[in-house]
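**Q** File name coords-v8.txt; file contents compact mmCIF, C-alpha atoms and all ligand atoms; full text below.
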# COMPACT_ATOMS: atom_id res chain seq x y z
CA MET A 75 -14.96 -11.32 -28.11
CA SER A 76 -17.31 -10.25 -25.35
CA ALA A 77 -18.87 -13.01 -23.28
CA ALA A 78 -20.26 -10.63 -20.71
CA VAL A 79 -22.32 -7.49 -20.18
CA ILE A 80 -22.65 -5.15 -17.20
CA LEU A 81 -26.12 -5.33 -15.62
CA GLY A 82 -25.73 -3.08 -12.57
CA VAL A 83 -23.31 -0.59 -10.99
CA GLY A 84 -22.80 0.53 -7.37
CA GLY A 85 -20.33 2.48 -5.26
CA SER A 86 -19.87 3.27 -1.57
CA LEU A 87 -17.63 5.72 0.29
CA PRO A 88 -17.05 6.07 4.03
CA GLU A 89 -18.49 9.18 5.64
CA ARG A 90 -15.33 10.77 7.07
CA ILE A 91 -13.64 13.35 4.83
CA VAL A 92 -9.93 13.99 5.47
CA THR A 93 -8.51 17.21 3.99
CA ASN A 94 -4.92 17.97 3.06
CA ASP A 95 -4.84 20.51 5.87
CA ASP A 96 -5.95 17.79 8.31
CA LEU A 97 -2.90 15.74 7.26
CA ALA A 98 -0.58 18.74 7.42
CA THR A 99 -1.27 19.08 11.13
CA SER A 100 0.76 15.91 11.82
CA LEU A 101 2.93 15.51 8.67
CA ASP A 102 5.62 17.71 7.08
CA THR A 103 3.47 18.52 4.06
CA THR A 104 1.19 21.22 2.67
CA ASP A 105 -2.12 21.44 0.86
CA GLU A 106 -0.26 23.14 -2.01
CA TRP A 107 2.27 20.28 -2.36
CA ILE A 108 -0.38 17.55 -2.29
CA ARG A 109 -2.68 19.31 -4.76
CA SER A 110 0.06 20.19 -7.25
CA ARG A 111 1.85 16.80 -7.10
CA THR A 112 -1.20 14.52 -6.96
CA GLY A 113 -4.40 16.49 -7.71
CA ILE A 114 -5.88 15.31 -4.39
CA ARG A 115 -7.81 17.78 -2.20
CA THR A 116 -9.64 15.34 0.08
CA ARG A 117 -9.98 11.60 0.60
CA ARG A 118 -12.40 9.52 2.67
CA TRP A 119 -11.18 7.25 5.45
CA VAL A 120 -13.16 4.71 7.44
CA GLY A 121 -13.63 5.31 11.15
CA PRO A 122 -12.93 2.69 13.83
CA GLY A 123 -15.23 -0.29 13.48
CA THR A 124 -15.79 0.01 9.72
CA SER A 125 -14.20 -2.80 7.73
CA THR A 126 -13.41 -3.57 4.11
CA ALA A 127 -16.28 -6.09 4.20
CA ASP A 128 -18.67 -3.34 5.38
CA LEU A 129 -17.80 -1.16 2.36
CA ALA A 130 -17.92 -4.20 0.05
CA VAL A 131 -21.39 -5.21 1.29
CA ASP A 132 -22.73 -1.68 0.80
CA ALA A 133 -21.30 -1.35 -2.72
CA GLY A 134 -22.45 -4.88 -3.58
CA ALA A 135 -25.99 -4.22 -2.34
CA ARG A 136 -26.10 -1.05 -4.42
CA ALA A 137 -24.92 -2.89 -7.57
CA LEU A 138 -27.51 -5.61 -7.03
CA ARG A 139 -30.19 -2.92 -6.60
CA SER A 140 -28.98 -1.22 -9.78
CA ALA A 141 -29.30 -4.57 -11.58
CA SER A 142 -32.75 -5.19 -10.05
CA ARG A 143 -31.67 -8.57 -8.60
CA SER A 144 -31.21 -10.02 -5.18
CA THR A 145 -28.83 -12.87 -6.05
CA VAL A 146 -26.10 -13.87 -8.50
CA ASP A 147 -24.27 -17.13 -9.24
CA ALA A 148 -20.84 -16.05 -7.91
CA VAL A 149 -19.20 -13.27 -5.90
CA ILE A 150 -15.67 -11.92 -6.38
CA VAL A 151 -14.03 -9.34 -4.11
CA ALA A 152 -10.86 -7.58 -5.29
CA THR A 153 -8.94 -6.15 -2.35
CA THR A 154 -5.43 -5.46 -1.04
CA THR A 155 -6.75 -4.70 2.42
CA PRO A 156 -8.78 -7.74 3.54
CA ASP A 157 -9.95 -7.55 7.14
CA ARG A 158 -7.87 -10.67 7.89
CA SER A 159 -5.32 -12.59 5.85
CA CYS A 160 -7.38 -15.81 6.00
CA PRO A 161 -10.10 -16.61 4.99
CA ALA A 162 -11.06 -14.46 2.01
CA VAL A 163 -13.50 -11.55 2.38
CA ALA A 164 -15.81 -12.69 -0.43
CA PRO A 165 -17.64 -15.54 1.38
CA GLU A 166 -18.47 -13.21 4.29
CA VAL A 167 -19.65 -10.52 1.87
CA ALA A 168 -21.76 -13.00 -0.09
CA SER A 169 -23.39 -14.31 3.08
CA ARG A 170 -24.09 -10.81 4.39
CA LEU A 171 -25.77 -10.08 1.04
CA GLY A 172 -28.02 -13.10 1.60
CA MET A 173 -26.19 -15.46 -0.75
CA ILE A 174 -25.06 -18.39 1.44
CA GLY A 175 -23.95 -21.24 -0.83
CA VAL A 176 -22.72 -19.30 -3.87
CA PRO A 177 -19.04 -19.59 -4.88
CA ALA A 178 -17.08 -16.60 -3.57
CA HIS A 179 -13.38 -15.75 -3.78
CA ASP A 180 -10.96 -12.83 -3.45
CA VAL A 181 -8.61 -11.43 -6.08
CA SER A 182 -5.33 -9.79 -5.03
CA ALA A 183 -3.77 -7.55 -7.68
CA VAL A 184 -3.49 -4.25 -5.75
CA CYS A 185 -4.55 -1.29 -7.90
CA THR A 186 -5.25 -3.56 -10.90
CA GLY A 187 -7.58 -5.70 -8.77
CA PHE A 188 -10.81 -4.56 -10.41
CA LEU A 189 -9.59 -5.46 -13.90
CA TYR A 190 -8.17 -8.82 -12.78
CA GLY A 191 -11.52 -9.42 -11.09
CA LEU A 192 -13.33 -8.45 -14.27
CA ALA A 193 -11.34 -11.02 -16.23
CA ASN A 194 -12.23 -13.62 -13.57
CA ALA A 195 -15.92 -12.70 -13.79
CA VAL A 196 -15.95 -12.89 -17.59
CA GLY A 197 -14.10 -16.22 -17.38
CA LEU A 198 -16.63 -17.72 -14.94
CA ILE A 199 -19.40 -16.76 -17.36
CA ALA A 200 -17.55 -17.92 -20.48
CA SER A 201 -16.82 -21.32 -18.88
CA GLY A 202 -20.45 -21.82 -17.93
CA ALA A 203 -19.65 -21.85 -14.20
CA ALA A 204 -21.89 -18.81 -13.64
CA ARG A 205 -24.48 -16.85 -15.58
CA THR A 206 -24.25 -13.78 -13.31
CA VAL A 207 -21.36 -12.55 -11.16
CA LEU A 208 -21.14 -9.77 -8.57
CA LEU A 209 -17.66 -8.20 -8.76
CA ILE A 210 -16.78 -5.88 -5.89
CA ALA A 211 -13.52 -3.98 -5.39
CA ALA A 212 -13.14 -2.69 -1.85
CA GLU A 213 -10.27 -1.10 0.06
CA THR A 214 -9.49 0.40 3.45
CA PHE A 215 -5.94 1.55 2.70
CA SER A 216 -6.12 3.98 5.63
CA THR A 217 -5.67 0.95 7.90
CA ILE A 218 -2.23 0.09 6.45
CA LEU A 219 -0.80 3.61 5.94
CA ASP A 220 2.15 4.71 8.07
CA PRO A 221 0.86 7.98 9.53
CA ALA A 222 4.46 9.26 9.60
CA ASP A 223 5.17 8.54 5.89
CA ARG A 224 4.24 11.61 3.85
CA GLY A 225 4.98 9.77 0.58
CA THR A 226 2.00 7.43 1.07
CA ALA A 227 -0.25 8.85 3.81
CA VAL A 228 -1.43 11.72 1.59
CA ILE A 229 -2.29 9.60 -1.44
CA PHE A 230 -4.61 6.78 -0.50
CA GLY A 231 -8.33 6.75 0.33
CA ASP A 232 -10.96 4.15 1.23
CA GLY A 233 -14.00 3.08 -0.79
CA ALA A 234 -15.71 0.31 -2.75
CA GLY A 235 -17.21 -0.08 -6.22
CA ALA A 236 -19.15 -2.98 -7.69
CA ILE A 237 -20.73 -4.27 -10.87
CA VAL A 238 -23.05 -7.13 -11.72
CA VAL A 239 -21.94 -8.95 -14.87
CA GLY A 240 -24.10 -11.35 -16.90
CA GLU A 241 -23.99 -13.38 -20.09
CA GLY A 242 -23.38 -11.37 -23.26
CA GLU A 243 -23.08 -11.81 -26.99
CA PRO A 244 -19.70 -12.85 -28.44
CA GLY A 245 -18.21 -9.98 -30.42
CA ALA A 246 -20.60 -7.48 -28.85
CA ILE A 247 -18.04 -4.71 -28.63
CA SER A 248 -16.33 -3.52 -31.77
CA LEU A 249 -16.60 -0.55 -34.09
CA GLY A 250 -19.47 -2.07 -36.03
CA ALA A 251 -21.41 -3.86 -33.29
CA ILE A 252 -22.05 -2.18 -29.96
CA SER A 253 -24.13 -3.88 -27.26
CA LEU A 254 -25.11 -1.91 -24.17
CA GLY A 255 -23.00 -3.04 -21.22
CA ALA A 256 -20.59 -5.11 -23.32
CA VAL A 257 -17.20 -5.91 -21.78
CA GLY A 258 -14.30 -6.02 -24.23
CA PRO A 259 -11.27 -8.30 -23.89
CA CYS A 260 -9.39 -7.77 -20.60
CA VAL A 261 -5.68 -7.35 -21.30
CA LEU A 262 -3.55 -8.09 -18.22
CA GLY A 263 0.14 -8.25 -17.33
CA SER A 264 2.58 -8.55 -14.43
CA ASP A 265 6.28 -8.15 -13.56
CA GLY A 266 7.31 -9.59 -10.21
CA THR A 267 10.83 -8.18 -10.48
CA GLY A 268 9.26 -4.91 -9.31
CA ALA A 269 7.53 -6.46 -6.28
CA ASP A 270 9.49 -4.27 -3.88
CA LEU A 271 8.24 -1.00 -5.42
CA ILE A 272 4.79 -1.34 -3.82
CA GLN A 273 4.54 -3.65 -0.83
CA VAL A 274 3.76 -4.37 2.77
CA PRO A 275 7.14 -5.93 3.67
CA ALA A 276 6.98 -9.16 5.67
CA GLY A 277 6.89 -8.29 9.36
CA ASP A 278 5.85 -4.67 8.69
CA GLN A 279 2.32 -3.51 9.39
CA TYR A 280 2.59 -0.62 6.95
CA PHE A 281 2.38 -0.15 3.19
CA ARG A 282 5.58 1.10 1.49
CA MET A 283 5.97 2.59 -1.99
CA ARG A 284 8.88 3.89 -4.06
CA GLY A 285 6.76 6.63 -5.59
CA LYS A 286 9.05 8.08 -8.23
CA GLU A 287 9.87 4.73 -9.88
CA VAL A 288 6.21 3.65 -9.64
CA PHE A 289 5.21 6.89 -11.35
CA ARG A 290 7.52 6.25 -14.33
CA GLN A 291 6.46 2.63 -14.79
CA ALA A 292 2.76 3.45 -14.30
CA VAL A 293 2.74 5.93 -17.18
CA GLU A 294 4.52 3.52 -19.55
CA ARG A 295 2.59 0.38 -18.67
CA MET A 296 -0.82 2.04 -18.55
CA SER A 297 -0.29 3.70 -21.95
CA ASP A 298 0.90 0.50 -23.60
CA VAL A 299 -1.82 -1.77 -22.19
CA ALA A 300 -4.57 0.77 -22.93
CA LEU A 301 -3.54 0.91 -26.58
CA ASP A 302 -3.37 -2.90 -26.65
CA ALA A 303 -6.93 -3.24 -25.28
CA LEU A 304 -8.19 -0.72 -27.82
CA ALA A 305 -6.49 -2.51 -30.70
CA ARG A 306 -7.93 -5.88 -29.61
CA THR A 307 -11.40 -4.32 -29.64
CA GLY A 308 -10.84 -2.85 -33.11
CA LEU A 309 -11.09 0.69 -31.74
CA GLY A 310 -8.74 3.68 -31.86
CA PRO A 311 -8.29 6.54 -29.33
CA ASP A 312 -10.79 8.72 -31.25
CA ASP A 313 -13.54 6.11 -30.71
CA VAL A 314 -13.30 6.41 -26.93
CA ASP A 315 -15.92 8.62 -25.22
CA HIS A 316 -14.24 8.37 -21.81
CA LEU A 317 -10.87 7.26 -20.51
CA ALA A 318 -11.39 5.91 -16.97
CA PRO A 319 -7.87 5.48 -15.61
CA HIS A 320 -7.01 4.12 -12.17
CA GLN A 321 -6.93 7.28 -10.04
CA ALA A 322 -3.29 6.90 -8.98
CA ASN A 323 -2.34 10.53 -9.30
CA ARG A 324 -3.78 13.26 -11.54
CA ARG A 325 -0.37 13.71 -13.23
CA ILE A 326 -0.16 9.99 -14.09
CA CYS A 327 -3.68 10.04 -15.59
CA ASP A 328 -2.92 13.18 -17.63
CA ALA A 329 0.35 11.72 -18.92
CA VAL A 330 -1.36 8.46 -19.97
CA ALA A 331 -4.15 10.34 -21.75
CA HIS A 332 -1.62 12.49 -23.57
CA ARG A 333 0.44 9.46 -24.64
CA ILE A 334 -2.50 7.51 -26.04
CA GLY A 335 -4.11 10.55 -27.68
CA VAL A 336 -7.23 11.18 -25.57
CA GLU A 337 -7.74 14.87 -24.75
CA GLU A 338 -8.45 16.08 -21.22
CA SER A 339 -12.19 16.64 -21.76
CA ARG A 340 -12.61 12.86 -22.27
CA VAL A 341 -10.68 11.83 -19.13
CA LEU A 342 -12.85 10.93 -16.13
CA SER A 343 -11.39 11.95 -12.78
CA ASN A 344 -12.37 12.00 -9.11
CA VAL A 345 -8.92 11.75 -7.52
CA ASP A 346 -9.45 15.27 -6.14
CA THR A 347 -12.20 14.09 -3.75
CA VAL A 348 -11.44 10.38 -3.13
CA GLY A 349 -7.66 10.06 -3.60
CA ASN A 350 -6.20 6.77 -4.76
CA THR A 351 -8.57 3.99 -3.62
CA ALA A 352 -6.41 1.21 -5.16
CA ALA A 353 -8.52 -1.69 -6.51
CA ALA A 354 -11.73 0.27 -5.88
CA SER A 355 -10.57 3.25 -7.91
CA ILE A 356 -12.05 2.41 -11.35
CA PRO A 357 -15.49 1.15 -10.21
CA VAL A 358 -15.84 4.05 -7.73
CA LEU A 359 -15.00 6.47 -10.53
CA LEU A 360 -17.43 4.84 -12.95
CA ALA A 361 -20.25 4.59 -10.39
CA GLU A 362 -19.85 8.24 -9.47
CA ALA A 363 -19.58 9.43 -13.09
CA ALA A 364 -22.64 7.41 -14.10
CA ALA A 365 -24.65 8.59 -11.08
CA ASP A 366 -23.93 12.26 -11.85
CA GLY A 367 -24.59 11.88 -15.59
CA ARG A 368 -21.05 12.25 -16.95
CA VAL A 369 -21.23 8.71 -18.37
CA LYS A 370 -24.34 7.68 -20.32
CA ALA A 371 -25.76 4.50 -21.85
CA GLY A 372 -23.89 3.59 -25.04
CA ASP A 373 -20.71 5.55 -24.20
CA ARG A 374 -17.48 3.70 -25.01
CA VAL A 375 -15.22 3.64 -21.94
CA LEU A 376 -11.57 2.63 -21.82
CA THR A 377 -10.42 1.49 -18.36
CA VAL A 378 -6.76 1.05 -17.46
CA ALA A 379 -4.82 0.39 -14.26
CA PHE A 380 -1.35 -0.23 -12.84
CA GLY A 381 -0.36 -1.31 -9.36
CA GLY A 382 1.62 -3.48 -7.00
CA GLY A 383 2.89 -6.82 -8.13
CA LEU A 384 3.70 -5.16 -10.40
CA THR A 385 0.44 -5.64 -12.28
CA TRP A 386 -1.38 -3.79 -15.03
CA GLY A 387 -4.47 -4.17 -17.19
CA ALA A 388 -7.00 -2.51 -19.46
CA ALA A 389 -10.46 -3.24 -20.88
CA THR A 390 -13.01 -1.46 -23.03
CA LEU A 391 -16.66 -1.25 -21.96
CA VAL A 392 -19.86 0.00 -23.53
CA TRP A 393 -21.78 1.74 -20.77
CA PRO A 394 -25.04 -0.08 -19.85
CA ASP A 395 -28.50 1.46 -19.64
CA VAL A 396 -28.76 1.17 -15.85
CA THR A 397 -29.14 3.59 -12.94
CA ALA A 398 -25.91 3.56 -10.95
CA ASP A 399 -26.40 3.51 -7.17
CA PHE A 400 -23.59 5.52 -5.57
CA GLY A 401 -23.50 6.96 -2.07
CA VAL A 402 -22.08 7.11 1.41
CA LEU A 403 -21.97 3.98 3.61
CA GLY A 404 -25.02 3.86 5.82
CA ARG A 405 -26.98 6.39 3.79
CA VAL A 406 -29.51 5.46 1.13
CA GLY A 407 -29.18 7.12 -2.28
CA ARG A 408 -26.81 9.86 -3.43
CA ARG A 409 -24.29 11.70 -1.28
O1 LIG B 1 -1.76 3.32 -7.30
C1 LIG B 1 -0.70 2.78 -8.01
C2 LIG B 1 0.57 2.94 -7.29
N1 LIG B 1 0.88 4.25 -6.86
C3 LIG B 1 1.11 5.29 -7.72
O2 LIG B 1 0.88 5.23 -8.89
C4 LIG B 1 1.74 6.53 -7.14
C5 LIG B 1 2.89 6.94 -8.02
N2 LIG B 1 3.72 7.99 -7.51
C6 LIG B 1 3.30 9.24 -7.21
O3 LIG B 1 2.12 9.53 -7.27
C7 LIG B 1 4.34 10.26 -6.86
O4 LIG B 1 5.61 9.72 -7.06
C8 LIG B 1 4.23 10.80 -5.42
C9 LIG B 1 3.00 11.66 -5.28
C10 LIG B 1 4.19 9.66 -4.42
C11 LIG B 1 5.44 11.69 -5.10
O5 LIG B 1 5.52 12.72 -6.07
P1 LIG B 1 6.89 13.03 -6.82
O6 LIG B 1 6.62 14.20 -7.65
O7 LIG B 1 7.34 11.77 -7.50
O8 LIG B 1 7.84 13.40 -5.64
P2 LIG B 1 9.19 12.69 -5.16
O9 LIG B 1 8.92 11.36 -4.54
O10 LIG B 1 10.20 12.78 -6.24
O11 LIG B 1 9.62 13.71 -4.03
C12 LIG B 1 9.97 15.06 -4.32
C13 LIG B 1 10.22 15.76 -2.99
C14 LIG B 1 11.12 14.97 -2.04
O12 LIG B 1 11.92 15.88 -1.32
P3 LIG B 1 13.46 16.14 -1.77
O13 LIG B 1 14.11 14.80 -1.73
O14 LIG B 1 13.36 16.71 -3.16
O15 LIG B 1 13.92 17.10 -0.73
C15 LIG B 1 10.14 14.29 -1.12
O16 LIG B 1 10.71 14.01 0.16
O17 LIG B 1 8.97 15.91 -2.31
C16 LIG B 1 9.09 15.36 -0.99
N3 LIG B 1 7.77 14.84 -0.61
C17 LIG B 1 6.86 15.62 -0.02
N4 LIG B 1 6.86 16.92 0.33
C18 LIG B 1 5.75 17.40 0.89
C19 LIG B 1 7.28 13.59 -0.76
N5 LIG B 1 6.03 13.53 -0.28
C20 LIG B 1 5.74 14.78 0.19
C21 LIG B 1 4.62 15.35 0.78
N6 LIG B 1 4.66 16.67 1.12
N7 LIG B 1 3.49 14.65 1.04
For the structure just supplied, provide its representation as structure tokens.
**A**
Amino acid sequence: MSAAVILGVGGSLPERIVTNDDLATSLDTTDEWIRSRTGIRTRRWVGPGTSTADLAVDAGARALRSASRSTVDAVIVATTTPDRSCPAVAPEVASRLGMIGVPAHDVSAVCTGFLYGLANAVGLIASGAARTVLLIAAETFSTILDPADRGTAVIFGDGAGAIVVGEGEPGAISLGAISLGAVGPCVLGSDGTGADLIQVPAGDQYFRMRGKEVFRQAVERMSDVALDALARTGLGPDDVDHLAPHQANRRICDAVAHRIGVEESRVLSNVDTVGNTAAASIPVLLAEAAADGRVKAGDRVLTVAFGGGLTWGAATLVWPDVTADFGVLGRVGRR
């Protein structure tokens, strides 16, 4: 059942581009290794003075503009890299967007944050607590990377993506009935026994990841949950116009697509230019793909993610008939 539809889409990237060669000047790595093992050529990192809230506000403003609205009934920010551990980022972001007084909270589910946030947004609407919700996923992973750790420093990038969600028709996404913007059931999961695979250990300022084990679990979990979300929507892999996987690593995305039976031409990707932007990865990918015309109104999109927690999730969407607003922080319009 779909209680919600997407009304607007935005995305924001910091200006500074960091190449593999830039990283190789201080790390024992090469452009060749990074490209062949991850698919990443460049990523964008914030400069000093730019915060997660700054990216979130820009992406949120763009999503509101895309939805032709200035306010919503609730704001959710999904992030692993809040500017401070307390209070949440969302109230500050809501206020900076001119929405003092609306309910606002953060969601912490690392790379699955956008999909956990989406389930929260749909739930707020289904319960009657809100008729419209601004969901933003924003990350500044560059601020928690150990510059000496080549296993993580080359992978992550900064950015933010956002959508405005509003009331929809129950059952609006299925093989027979397709409503523009419809959000299918969000299928979510977690396994805390793997908490140490992706973490900022207590007392450590830096993010740590056991990459090889994460890789194996990511492929399995993402494939399984993607097929589950499809089945609950009454769709099969052939009905999907685009697979929009969390941009963890090009090899992970390719392996998931292969396992679930979606060929490469239907897999959306931007990991080559933005790296892994954690919670922001799926909405940044969708905002960019919609802005450059790869994704069009009425396309069926399957989103799927895996991340720290461990957490995972998937949801089907029908792409809305809106103009996505995607660009660089501080600049109006396209890149
Ligand atoms: O966003 C959700 C959570 N994160 C992910 O999904 C990421 C999942 N994991 C990965 O993407 C991959 O595991 C990595 C890209 C992190 C690593 O790729 P890998 O193919 O799994 O490499 P590995 O960890 O097995 O390392 C292979 C070798 C090692 O050297 P030895 O032990 O064989 O001598 C590493 O020390 O590659 C070495 N290595 C590097 N070499 C050059 C690791 N990182 C680098 C590097 N440059 N940046």
**Q** Contacts between range 341-365 of chain A and range 123-203 of chain A, please, where a residue of range 123-203 of chain A counts if it comes within 8 Å (with all atoms listed in the file); show its shortest atom pair and distance in Å to one decimal, rows by chain and ascending number, as JSON lines.
**A**
{"residue": "A:Ala152", "atom": "CA", "partner": "A:Ala353", "partner_atom": "CA", "distance": 6.5}
{"residue": "A:Thr153", "atom": "CA", "partner": "A:Ala353", "partner_atom": "CA", "distance": 6.1}
{"residue": "A:Thr154", "atom": "CA", "partner": "A:Ala353", "partner_atom": "CA", "distance": 7.3}
{"residue": "A:Ala183", "atom": "CA", "partner": "A:Ala353", "partner_atom": "CA", "distance": 7.6}
{"residue": "A:Val184", "atom": "CA", "partner": "A:Ala353", "partner_atom": "CA", "distance": 5.7}
{"residue": "A:Cys185", "atom": "CA", "partner": "A:Ala352", "partner_atom": "CA", "distance": 4.1}
{"residue": "A:Thr186", "atom": "CA", "partner": "A:Ala353", "partner_atom": "CA", "distance": 5.8}
{"residue": "A:Gly187", "atom": "CA", "partner": "A:Ala353", "partner_atom": "CA", "distance": 4.7}
{"residue": "A:Phe188", "atom": "CA", "partner": "A:Ala353", "partner_atom": "CA", "distance": 5.4}
**Q** Of the residues A:Ala193, A:Val392, A:Val228, A:Ala211, which is the one nearest to ligand LIG 1 (chain B), using only C-alpha atoms and all ligand atoms?
**A**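 Ranking A:Ala193, A:Val392, A:Val228, A:Ala211 by distance to ligand LIG 1 (chain B), first place goes to A:Val228.
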**Q** Nearest to Gly82 in chain A: which of A:Val239, A:Ala331, A:Ala195, A:Ala388 is it, counting all atoms listed in the file?
**A**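 Answer, going by the shortest atom-to-atom distance: A:Val239.
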**Q** List all protein, DNA and RNA residues that have any atom at most 8 Å from ligand LIG 1 (chain B), counting all atoms listed in the file, and write the list as a PDB file with C-alpha atoms, in the coordinates of the input.
**A**
ATOM      1  CA  LEU A 101       2.930  15.510   8.670  1.00  0.00           C
ATOM      2  CA  ASP A 102       5.620  17.710   7.080  1.00  0.00           C
ATOM      3  CA  THR A 103       3.470  18.520   4.060  1.00  0.00           C
ATOM      4  CA  THR A 104       1.190  21.220   2.670  1.00  0.00           C
ATOM      5  CA  TRP A 107       2.270  20.280  -2.360  1.00  0.00           C
ATOM      6  CA  ILE A 108      -0.380  17.550  -2.290  1.00  0.00           C
ATOM      7  CA  ARG A 111       1.850  16.800  -7.100  1.00  0.00           C
ATOM      8  CA  THR A 112      -1.200  14.520  -6.960  1.00  0.00           C
ATOM      9  CA  VAL A 184      -3.490  -4.250  -5.750  1.00  0.00           C
ATOM     10  CA  CYS A 185      -4.550  -1.290  -7.900  1.00  0.00           C
ATOM     11  CA  ASP A 223       5.170   8.540   5.890  1.00  0.00           C
ATOM     12  CA  ARG A 224       4.240  11.610   3.850  1.00  0.00           C
ATOM     13  CA  GLY A 225       4.980   9.770   0.580  1.00  0.00           C
ATOM     14  CA  THR A 226       2.000   7.430   1.070  1.00  0.00           C
ATOM     15  CA  ALA A 227      -0.250   8.850   3.810  1.00  0.00           C
ATOM     16  CA  VAL A 228      -1.430  11.720   1.590  1.00  0.00           C
ATOM     17  CA  ILE A 229      -2.290   9.600  -1.440  1.00  0.00           C
ATOM     18  CA  ILE A 272       4.790  -1.340  -3.820  1.00  0.00           C
ATOM     19  CA  MET A 283       5.970   2.590  -1.990  1.00  0.00           C
ATOM     20  CA  ARG A 284       8.880   3.890  -4.060  1.00  0.00           C
ATOM     21  CA  GLY A 285       6.760   6.630  -5.590  1.00  0.00           C
ATOM     22  CA  LYS A 286       9.050   8.080  -8.230  1.00  0.00           C
ATOM     23  CA  GLU A 287       9.870   4.730  -9.880  1.00  0.00           C
ATOM     24  CA  VAL A 288       6.210   3.650  -9.640  1.00  0.00           C
ATOM     25  CA  PHE A 289       5.210   6.890 -11.350  1.00  0.00           C
ATOM     26  CA  ARG A 290       7.520   6.250 -14.330  1.00  0.00           C
ATOM     27  CA  ALA A 292       2.760   3.450 -14.300  1.00  0.00           C
ATOM     28  CA  HIS A 320      -7.010   4.120 -12.170  1.00  0.00           C
ATOM     29  CA  GLN A 321      -6.930   7.280 -10.040  1.00  0.00           C
ATOM     30  CA  ALA A 322      -3.290   6.900  -8.980  1.00  0.00           C
ATOM     31  CA  ASN A 323      -2.340  10.530  -9.300  1.00  0.00           C
ATOM     32  CA  ARG A 325      -0.370  13.710 -13.230  1.00  0.00           C
ATOM     33  CA  ILE A 326      -0.160   9.990 -14.090  1.00  0.00           C
ATOM     34  CA  ASN A 350      -6.200   6.770  -4.760  1.00  0.00           C
ATOM     35  CA  THR A 351      -8.570   3.990  -3.620  1.00  0.00           C
ATOM     36  CA  ALA A 352      -6.410   1.210  -5.160  1.00  0.00           C
ATOM     37  CA  ALA A 379      -4.820   0.390 -14.260  1.00  0.00           C
ATOM     38  CA  PHE A 380      -1.350  -0.230 -12.840  1.00  0.00           C
ATOM     39  CA  GLY A 381      -0.360  -1.310  -9.360  1.00  0.00           C
ATOM     40  CA  GLY A 382       1.620  -3.480  -7.000  1.00  0.00           C
TER      41      GLY A 382
END
**Q** If I put a ball of radius 6 Å at (-20.8, 6.8, 2.6) in the file's coordinates, which residues poke into it when counting all atoms listed in the file, written as a CSV table (one decimal) with C-alpha atoms, in the coordinates of the input?
**A**
chain,number,residue,atom,x,y,z
A,86,SER,CA,-19.9,3.3,-1.6
A,87,LEU,CA,-17.6,5.7,0.3
A,88,PRO,CA,-17.0,6.1,4.0
A,89,GLU,CA,-18.5,9.2,5.6
A,401,GLY,CA,-23.5,7.0,-2.1
A,402,VAL,CA,-22.1,7.1,1.4
A,403,LEU,CA,-22.0,4.0,3.6
**Q** List the spatial neighbours of Asp313 in chain A as JSON, numbers by chain - criterion: any atom at most 10 Å away, all atoms listed in the file, same-chain residues fewer than 5 positions off excluded.
**A** {"A": [249, 304, 308, 336, 373, 374, 375, 376]}
